[in-house]
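Enquirer: File work-v2.txt follows (compact mmCIF, C-alpha atoms):
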```
# COMPACT_ATOMS: atom_id res chain seq x y z
CA MET A 6 -29.52 -36.71 17.39
CA THR A 7 -29.04 -34.40 20.34
CA ILE A 8 -30.14 -30.79 19.89
CA PRO A 9 -28.24 -28.16 21.89
CA THR A 10 -30.26 -26.97 24.88
CA ASP A 11 -29.94 -23.36 23.81
CA LEU A 12 -30.34 -23.60 20.04
CA PHE A 13 -30.48 -19.82 19.59
CA GLN A 14 -27.16 -19.33 21.41
CA TYR A 15 -25.59 -22.16 19.42
CA GLN A 16 -26.74 -20.63 16.11
CA ARG A 17 -25.30 -17.23 17.06
CA GLN A 18 -21.97 -18.77 18.02
CA ALA A 19 -21.87 -20.93 14.88
CA GLN A 20 -22.55 -17.83 12.77
CA VAL A 21 -19.61 -16.02 14.38
CA ALA A 22 -17.38 -19.05 13.74
CA ARG A 23 -18.41 -19.10 10.07
CA LEU A 24 -17.81 -15.36 9.77
CA LEU A 25 -14.34 -15.69 11.28
CA ALA A 26 -13.49 -18.45 8.78
CA ARG A 27 -14.88 -16.41 5.87
CA THR A 28 -12.96 -13.33 7.05
CA HIS A 29 -9.73 -15.31 7.13
CA ASN A 30 -10.38 -16.68 3.65
CA LYS A 31 -11.15 -13.19 2.30
CA LEU A 32 -7.98 -11.74 3.87
CA VAL A 33 -5.89 -14.49 2.29
CA GLU A 34 -7.57 -13.93 -1.09
CA ILE A 35 -6.93 -10.17 -1.01
CA LEU A 36 -3.37 -10.55 0.24
CA ASP A 37 -2.55 -13.13 -2.43
CA LYS A 38 -3.71 -10.65 -5.10
CA GLU A 39 -1.69 -7.81 -3.56
CA LEU A 40 1.46 -9.96 -3.37
CA LEU A 41 1.15 -11.33 -6.91
CA PRO A 42 3.57 -8.75 -8.43
CA PHE A 43 6.23 -9.98 -5.98
CA ASP A 44 5.63 -13.67 -6.84
CA ILE A 45 4.95 -14.35 -3.15
CA SER A 46 1.87 -15.95 -1.61
CA SER A 47 0.23 -14.87 1.61
CA ALA A 48 1.49 -18.10 3.21
CA GLN A 49 5.06 -17.29 2.16
CA TYR A 50 4.65 -13.77 3.51
CA SER A 51 3.47 -15.29 6.81
CA VAL A 52 6.67 -17.35 6.99
CA MET A 53 8.77 -14.25 6.38
CA SER A 54 6.80 -12.33 8.99
CA ALA A 55 7.26 -15.08 11.58
CA LEU A 56 11.01 -15.02 10.97
CA VAL A 57 11.36 -11.22 11.04
CA SER A 58 9.26 -10.85 14.18
CA GLY A 59 11.21 -13.53 16.04
CA ARG A 60 8.11 -15.68 16.58
CA ALA A 61 9.98 -18.51 14.85
CA HIS A 62 13.56 -19.47 14.05
CA SER A 63 13.20 -23.08 13.01
CA ALA A 64 11.08 -25.00 10.54
CA ALA A 65 9.26 -26.70 13.43
CA GLN A 66 8.46 -23.35 15.07
CA ILE A 67 7.13 -22.00 11.78
CA CYS A 68 4.91 -25.09 11.46
CA GLN A 69 3.53 -24.45 14.93
CA GLU A 70 3.11 -20.70 14.35
CA LEU A 71 1.21 -21.18 11.07
CA SER A 72 -0.53 -24.48 11.90
CA TYR A 73 1.13 -26.29 8.98
CA ASN A 74 2.20 -29.91 8.85
CA SER A 75 5.89 -30.60 8.34
CA GLY A 76 5.49 -31.96 4.79
CA ALA A 77 3.62 -28.88 3.58
CA MET A 78 6.14 -26.64 5.34
CA THR A 79 9.07 -28.41 3.70
CA ARG A 80 7.52 -27.86 0.27
CA MET A 81 6.86 -24.19 1.04
CA LEU A 82 10.39 -23.63 2.34
CA ASP A 83 11.73 -25.37 -0.81
CA ARG A 84 9.78 -22.91 -3.00
CA MET A 85 10.92 -19.94 -0.92
CA GLU A 86 14.52 -21.11 -1.01
CA SER A 87 14.33 -21.43 -4.81
CA LYS A 88 13.14 -17.79 -4.91
CA ASN A 89 16.17 -16.80 -2.79
CA LEU A 90 13.92 -15.53 0.02
CA LEU A 91 15.35 -17.70 2.78
CA ARG A 92 17.95 -20.32 3.61
CA ARG A 93 17.93 -23.32 5.90
CA GLN A 94 20.72 -24.86 7.90
CA ARG A 95 21.01 -27.48 10.60
CA SER A 96 21.48 -26.22 14.12
CA LEU A 97 24.95 -26.76 15.51
CA GLU A 98 23.45 -27.45 18.97
CA ASP A 99 20.80 -29.94 17.79
CA ARG A 100 21.26 -31.57 14.39
CA ARG A 101 17.54 -32.45 14.28
CA THR A 102 16.63 -28.75 14.23
CA ILE A 103 16.49 -26.92 10.91
CA LEU A 104 17.09 -23.20 11.39
CA VAL A 105 15.56 -20.81 8.88
CA GLU A 106 16.60 -17.25 8.11
CA LEU A 107 15.88 -14.68 5.42
CA THR A 108 18.50 -14.15 2.77
CA PRO A 109 19.80 -10.62 2.17
CA TYR A 110 17.29 -10.44 -0.71
CA GLY A 111 14.46 -11.56 1.61
CA GLN A 112 15.53 -8.97 4.19
CA GLN A 113 15.58 -6.26 1.52
CA LEU A 114 12.17 -7.25 0.16
CA TYR A 115 10.36 -7.66 3.48
CA PRO A 116 9.89 -3.92 4.29
CA GLN A 117 8.11 -3.43 0.95
CA LEU A 118 5.85 -6.39 1.68
CA LEU A 119 5.18 -5.12 5.20
CA ASP A 120 4.19 -1.72 3.83
CA LEU A 121 1.89 -3.33 1.28
CA THR A 122 0.21 -5.61 3.85
CA SER A 123 -0.12 -2.78 6.32
CA LYS A 124 -2.01 -0.68 3.77
CA MET A 125 -4.14 -3.66 2.75
CA LEU A 126 -5.14 -4.37 6.36
CA LYS A 127 -5.90 -0.69 6.96
CA ARG A 128 -8.28 -0.71 3.98
CA PHE A 129 -9.80 -4.04 5.00
CA PHE A 130 -10.52 -2.95 8.57
CA ALA A 131 -11.34 0.71 7.82
CA ARG A 132 -14.95 0.51 9.02
CA PHE A 133 -14.05 -1.75 11.92
CA GLU A 134 -11.51 0.74 13.27
CA GLN A 135 -14.43 2.87 14.44
CA GLN A 136 -15.50 -0.01 16.68
CA ASP A 137 -13.27 -1.77 19.18
CA PRO A 138 -10.50 -3.74 17.42
CA ASP A 139 -8.46 -4.04 20.62
CA GLY A 140 -11.37 -5.71 22.39
CA LEU A 141 -11.87 -8.27 19.63
CA SER A 142 -8.15 -8.86 19.36
CA ALA A 143 -7.82 -9.46 23.10
CA TYR A 144 -10.81 -11.79 23.11
CA LEU A 145 -9.48 -13.87 20.21
CA ARG A 146 -5.96 -13.97 21.65
CA ASN A 147 -7.19 -15.12 25.07
CA THR A 148 -9.87 -17.51 23.83
CA VAL A 149 -8.68 -18.98 20.56
CA ILE A 150 -4.92 -18.89 20.89
CA ASP A 151 -3.21 -20.88 23.64
```
Could you take the file, read its structure, and then write that structure out as structure tokens?

Expert:
Amino acid sequence: MTIPTDLFQYQRQAQVARLLARTHNKLVEILDKELLPFDISSAQYSVMSALVSGRAHSAAQICQELSYNSGAMTRMLDRMESKNLLRRQRSLEDRRTILVELTPYGQQLYPQLLDLTSKMLKRFFARFEQQDPDGLSAYLRNTVID
């Protein structure tokens, strides 16, 4: 077994990685509880958010945005479609592409969900706001994403 040359540095970095994972899990747990009255999961909210923001327009783009596999995404979109939150249709330009859009009901509901999640995140990060959230955000965006 090879031991990292700088064990202390490795342990610090591993601790940060664990904390990031635990933070994500805690955010999902809290958001799922907040969204329960709407019968929507945090994952479903993330799909809606990706569509509203324009980060995704197709099932494949949503998979990429949320790091989901296509089978899991199909099942989630099926559930969301059965709740009348979104609809799917084949692209006229490329029949292999499945376009996804919110239904009028999904569009009407989304602002309420956005308000709820905004308040939840404000509470969650209340103590952190005194620090440097922009610095951490920039670091994670530049290092972890892309």

Enquirer: Between CA of Asn74 in chain A and CA of Gln117 in chain A, what distance in Å does the model show, to one decimal?

Expert: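 The value is 28.3 Å.
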
Enquirer: Using all atoms listed in the file, which of A:Gln49, A:Glu70, A:Gln112, A:Ala61 sits nearest Arg84 in chain A?

Expert: A:Gln49

Enquirer: Which residue, A:Ala48, A:Val57, A:Leu114, A:Leu104, has the smallest gap to Met81 in chain A when you use only C-alpha atoms?

Expert: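 Under the stated criterion, the closest residue is A:Ala48.
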
Enquirer: Between CA of Glu106 in chain A and CA of Arg92 in chain A, what is the distance, to one decimal in Å?

Expert: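 CA of Glu106 in chain A sits 5.6 Å away from CA of Arg92 in chain A.
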
Enquirer: How many Å separate CA of Ile35 in chain A from CA of Leu126 in chain A?

Expert: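 Result for CA of Ile35 in chain A versus CA of Leu126 in chain A: 9.5 Å, one decimal.
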
Enquirer: Taking all atoms listed in the file into account, name the residue in A:Arg80, A:Asp11, A:Ala64, A:Leu40 that is nearest to Arg95 in chain A.

Expert: A:Ala64

Enquirer: Which centre and edge lengths in Å to one decimal define the box along x, y and z that fits every listed atom of range 27-33 of chain A plus 4 Å per side, as lines of an AutoDock Vina configuration file?

Expert:
```
center_x = -10.4
center_y = -14.2
center_z = 4.7
size_x = 17.0
size_y = 12.9
size_z = 12.8
```
